[in-house]
Amino acid sequence: MSPDKLAESRLQALGIFRPDQIEVEAIAMDAGMRVEYEHLDGCEAMLMGVGNKAVATIKPSKHRGRERYSVGHELGHWEMHRGKSFRCRGDDPDRNFESDKALEKEADSYAAGLLMPSFLFSPAVEAIGEPSFIELEELAGAFGTSVLATSMRLADLDRLPIVLACYSNGRLRWRKAARHIPNRWFLRMQLDDDSFAYSLFQDGQAHPRLGKQPAETWFENMDAERYQVRECCRPVRVGEVLVLLYLESKMLQAGFDPNVGTRRYTAHGSYLTRR
C-alpha cells in the first residue's frame with residue numbers, strides 16, 4: 001500500500017469523513033505518538049520512539065498548516081519507519097526534491113494523504129473544475145494545509161493536465177508534473193520576460209488567476225509556439241515564485257521531441273543535459 005493510501009486507511013478506520021475532523025494530534029495519539037511543541041534548532045520536527053510509543057517534537061509556527069504537515073510527516077515515519085529516529089524539515093515538502101532520502105519522501109506522501117485524503121480532496125477539486133491559486137488557497141483553508149502542500153497534492157493526484165514549478169531568483173528550482181503529462185515537455189531554465197511569474201519576480205505583480213500564455217513562454221521545445229498554456233503564479237518565499245500551468249489537450253498528444261534533454265535535480269537546483 002502506498003504511503004498516502006496507508007494514511008487514508010487510518011482516517012477511514014477512525015470514521016473520519018470531513019476535513020474538519022482531521023485533528024492530527026488526536027490521530028497521532030491514537031497511533032501511539034504524542035505530539036509536543038517546542039523550539040528546535042536546525043530542523044522543524046524530531047521523532048523519538050521506544051517500543052510502541054513515540055514522542056514527536058514540533059517546532060511552533062505561526063502557520064498552522066505547517067505544524068499540521070509536520071505532525072503528519074512524523075506520524076508517517078512512526079507508521080512506516082518504526083525503530084528509527086528522525087530530525088526533519090517536515091513543513092517544507094518541496095525541499096525533498098533536493099534529496100534522495102526515500103524515507104523523507106514517503107513521510108511527505110503519508111502527510112499529504114492524511115491531511116488531504118483523495119476521497120475528500122478529489123471531490124472538492126472536481127467541484128471547482130480547474131483551480132487557480134485563488135481556489136487552491138480556499139482549499140488549503142478548508143483542509144488546514146499550506147498552499148504549497150495543497151498544490152503539490154493536486155499534481156500528485158494526476159486528475160488535471162498541470163505542471164507545478166518553483167523558480168528561485170528567476171531560475172528553475174524544481175518542477176512537479178501530473179503523471180500523465182508527456183516527459184517531452186521541458187520548462188525553461190530562466191523565467192521568460194513575458195511570463196506572469198517574471199512580472200511577479202521583478203515587480204511584485206501577483207497573478208493568482210489563470211491567464212493564457214503562448215506555450216513557448218514556458219517550454220523550450222521547438223514546437224511550443226503551436227500551443228497555448230494557462231498560467232497563474234504566487235510568491236512562496238523571498239525570491240521564490242510558485243507557478244501553476246495548465247496544458248491544452250493537444251500538448252498531451254504531441255510526439256517525441258529529440259531536441260530536448262533529460263532534467264536532473266541536485267542540491268543546487270536543476271540542470272539540463274542535451275541528448
# chains A, B, ... in the order shown; residues from 1 in each chain; ligands from 1

$ select_by_dssp --residues "stretch 15-166 of chain A" --states "alpha helix (DSSP H)" --output "ChimeraX atom specification"
/A:24-30,64-80,102-115,118-128,133-143,147-156

$ residues_around --residues "stretch 239-244 of chain A" --least-positions-apart "3" --cutoff "7 Å" --atoms "only C-alpha atoms" --output "JSON, numbers by chain"
{"A": [162, 163, 164, 165, 166, 167, 168, 169, 197, 201, 231, 232, 233, 234, 235, 236]}

$ write_last_selection --atoms "all heavy atoms" --output "compact mmCIF listing (two decimals), in the first residue's frame"
# COMPACT_ATOMS: atom_id res chain seq x y z
N ILE A 162 -1.59 19.44 -15.38
CA ILE A 162 -0.88 20.56 -14.78
C ILE A 162 0.60 20.27 -14.60
O ILE A 162 1.04 19.12 -14.47
CB ILE A 162 -1.48 20.95 -13.41
CG1 ILE A 162 -1.31 19.82 -12.40
CG2 ILE A 162 -2.93 21.35 -13.56
CD1 ILE A 162 -1.67 20.22 -10.97
N VAL A 163 1.36 21.36 -14.60
CA VAL A 163 2.76 21.35 -14.21
C VAL A 163 2.92 22.42 -13.14
O VAL A 163 2.51 23.56 -13.33
CB VAL A 163 3.70 21.65 -15.40
CG1 VAL A 163 5.15 21.75 -14.92
CG2 VAL A 163 3.57 20.58 -16.47
N LEU A 164 3.49 22.03 -12.02
CA LEU A 164 3.78 22.95 -10.91
C LEU A 164 5.29 23.16 -10.89
O LEU A 164 6.06 22.20 -11.03
CB LEU A 164 3.30 22.33 -9.61
CG LEU A 164 3.37 23.17 -8.33
CD1 LEU A 164 2.37 24.31 -8.39
CD2 LEU A 164 3.10 22.28 -7.12
N ALA A 165 5.72 24.40 -10.73
CA ALA A 165 7.15 24.67 -10.73
C ALA A 165 7.48 25.80 -9.77
O ALA A 165 6.64 26.66 -9.50
CB ALA A 165 7.63 25.04 -12.14
N CYS A 166 8.70 25.77 -9.27
CA CYS A 166 9.20 26.83 -8.40
C CYS A 166 10.44 27.44 -9.03
O CYS A 166 11.36 26.71 -9.43
CB CYS A 166 9.53 26.26 -7.02
SG CYS A 166 10.21 27.49 -5.87
N TYR A 167 10.45 28.76 -9.15
CA TYR A 167 11.61 29.49 -9.66
C TYR A 167 12.20 30.32 -8.53
O TYR A 167 11.49 31.05 -7.84
CB TYR A 167 11.22 30.39 -10.84
CG TYR A 167 11.04 29.63 -12.13
CD1 TYR A 167 9.90 28.87 -12.37
CD2 TYR A 167 12.04 29.64 -13.10
CE1 TYR A 167 9.75 28.17 -13.56
CE2 TYR A 167 11.90 28.93 -14.29
CZ TYR A 167 10.75 28.20 -14.50
OH TYR A 167 10.61 27.49 -15.68
N SER A 168 13.49 30.19 -8.35
CA SER A 168 14.21 30.93 -7.31
C SER A 168 15.15 31.93 -7.98
O SER A 168 16.01 31.53 -8.78
CB SER A 168 15.01 29.96 -6.43
OG SER A 168 15.72 30.66 -5.44
N ASN A 169 14.93 33.22 -7.69
CA ASN A 169 15.71 34.28 -8.33
C ASN A 169 15.68 34.15 -9.85
O ASN A 169 16.68 34.37 -10.53
CB ASN A 169 17.15 34.27 -7.82
CG ASN A 169 17.23 34.60 -6.35
OD1 ASN A 169 16.57 35.53 -5.87
ND2 ASN A 169 18.02 33.84 -5.60
N ALA A 197 4.91 35.19 -14.11
CA ALA A 197 5.83 34.93 -13.00
C ALA A 197 7.01 35.89 -13.02
O ALA A 197 7.51 36.30 -11.96
CB ALA A 197 6.33 33.48 -13.06
N PHE A 201 8.17 38.30 -10.04
CA PHE A 201 9.53 38.29 -9.51
C PHE A 201 10.16 39.68 -9.58
O PHE A 201 10.83 40.12 -8.64
CB PHE A 201 10.38 37.29 -10.30
CG PHE A 201 11.82 37.25 -9.88
CD1 PHE A 201 12.19 36.75 -8.63
CD2 PHE A 201 12.81 37.73 -10.72
CE1 PHE A 201 13.51 36.73 -8.24
CE2 PHE A 201 14.13 37.72 -10.33
CZ PHE A 201 14.48 37.21 -9.09
N GLU A 231 -1.53 30.12 -17.22
CA GLU A 231 -0.57 30.31 -16.12
C GLU A 231 -1.19 31.10 -14.98
O GLU A 231 -1.95 32.04 -15.20
CB GLU A 231 0.65 31.06 -16.64
CG GLU A 231 1.63 31.49 -15.56
CD GLU A 231 2.58 32.60 -16.02
OE1 GLU A 231 2.66 32.86 -17.23
OE2 GLU A 231 3.24 33.20 -15.14
N CYS A 232 -0.85 30.73 -13.76
CA CYS A 232 -1.05 31.60 -12.60
C CYS A 232 0.16 31.43 -11.70
O CYS A 232 0.90 30.44 -11.80
CB CYS A 232 -2.36 31.30 -11.85
SG CYS A 232 -2.50 29.63 -11.19
N CYS A 233 0.41 32.39 -10.83
CA CYS A 233 1.62 32.36 -10.02
C CYS A 233 1.38 33.09 -8.71
O CYS A 233 0.47 33.92 -8.59
CB CYS A 233 2.81 32.96 -10.76
SG CYS A 233 2.57 34.67 -11.27
N ARG A 234 2.21 32.76 -7.73
CA ARG A 234 2.13 33.41 -6.42
C ARG A 234 3.50 33.32 -5.77
O ARG A 234 4.30 32.43 -6.08
CB ARG A 234 1.07 32.74 -5.54
CG ARG A 234 1.48 31.42 -4.96
CD ARG A 234 0.35 30.71 -4.23
NE ARG A 234 -0.33 31.48 -3.23
CZ ARG A 234 0.07 31.60 -1.96
NH1 ARG A 234 1.18 30.99 -1.56
NH2 ARG A 234 -0.63 32.30 -1.10
N PRO A 235 3.81 34.24 -4.84
CA PRO A 235 5.08 34.15 -4.12
C PRO A 235 5.07 32.99 -3.14
O PRO A 235 4.02 32.60 -2.63
CB PRO A 235 5.18 35.49 -3.40
CG PRO A 235 3.77 35.95 -3.25
CD PRO A 235 3.04 35.43 -4.45
N VAL A 236 6.25 32.39 -2.90
CA VAL A 236 6.38 31.32 -1.92
C VAL A 236 7.21 31.80 -0.75
O VAL A 236 6.74 31.95 0.36
CB VAL A 236 7.05 30.07 -2.54
CG1 VAL A 236 6.98 28.90 -1.57
CG2 VAL A 236 6.40 29.70 -3.86

$ residues_around --residues "A:Thr150" --least-positions-apart "6" --cutoff "8 Å" --atoms "only C-alpha atoms" --output "PDB file with N, CA and C atoms, in the first residue's frame"
ATOM      1  N   MET A 116      -4.940  15.564   3.229  1.00  0.00           N
ATOM      2  CA  MET A 116      -5.757  15.785   2.029  1.00  0.00           C
ATOM      3  C   MET A 116      -6.092  14.447   1.389  1.00  0.00           C
ATOM      4  N   LEU A 136      -7.091  27.316  -4.852  1.00  0.00           N
ATOM      5  CA  LEU A 136      -6.192  26.471  -4.059  1.00  0.00           C
ATOM      6  C   LEU A 136      -5.994  27.052  -2.667  1.00  0.00           C
ATOM      7  N   LEU A 139      -9.017  25.932  -0.818  1.00  0.00           N
ATOM      8  CA  LEU A 139      -8.890  24.514  -0.468  1.00  0.00           C
ATOM      9  C   LEU A 139      -7.927  24.329   0.693  1.00  0.00           C
ATOM     10  N   ALA A 140      -6.823  25.075   0.660  1.00  0.00           N
ATOM     11  CA  ALA A 140      -5.853  24.997   1.752  1.00  0.00           C
ATOM     12  C   ALA A 140      -6.496  25.386   3.073  1.00  0.00           C
TER      13      ALA A 140
END

$ residues_around --residues "A:Ile22" --least-positions-apart "4" --cutoff "10 Å" --atoms "only C-alpha atoms" --output "list in words"
Leu11, Leu14, Ile16, Phe17, Arg18, Ala26, Ile27, Arg68, Leu114, Leu115, Met116, Pro117, Phe143 and Gly144 of chain A

$ closest_residue --among "A:Thr217, A:Ser118, A:Thr145, A:Asn259" --to "A:Val24" --atoms "only C-alpha atoms"
A:Thr145

$ residues_around --residues "A:Ala56" --least-positions-apart "2" --cutoff "10 Å" --atoms "only C-alpha atoms" --output "count of residues only"
24

$ atom_distance --atom1 "atom CA of A:Ala215" --atom2 "atom CA of A:Ile128"
24.1 Å

$ select_by_dssp --residues "stretch 93-263 of chain A" --states "strand (DSSP E or B)" --output "ChimeraX atom specification"
/A:162-168,171-177,187,190,207-214,219,228-235,240-247,262-263
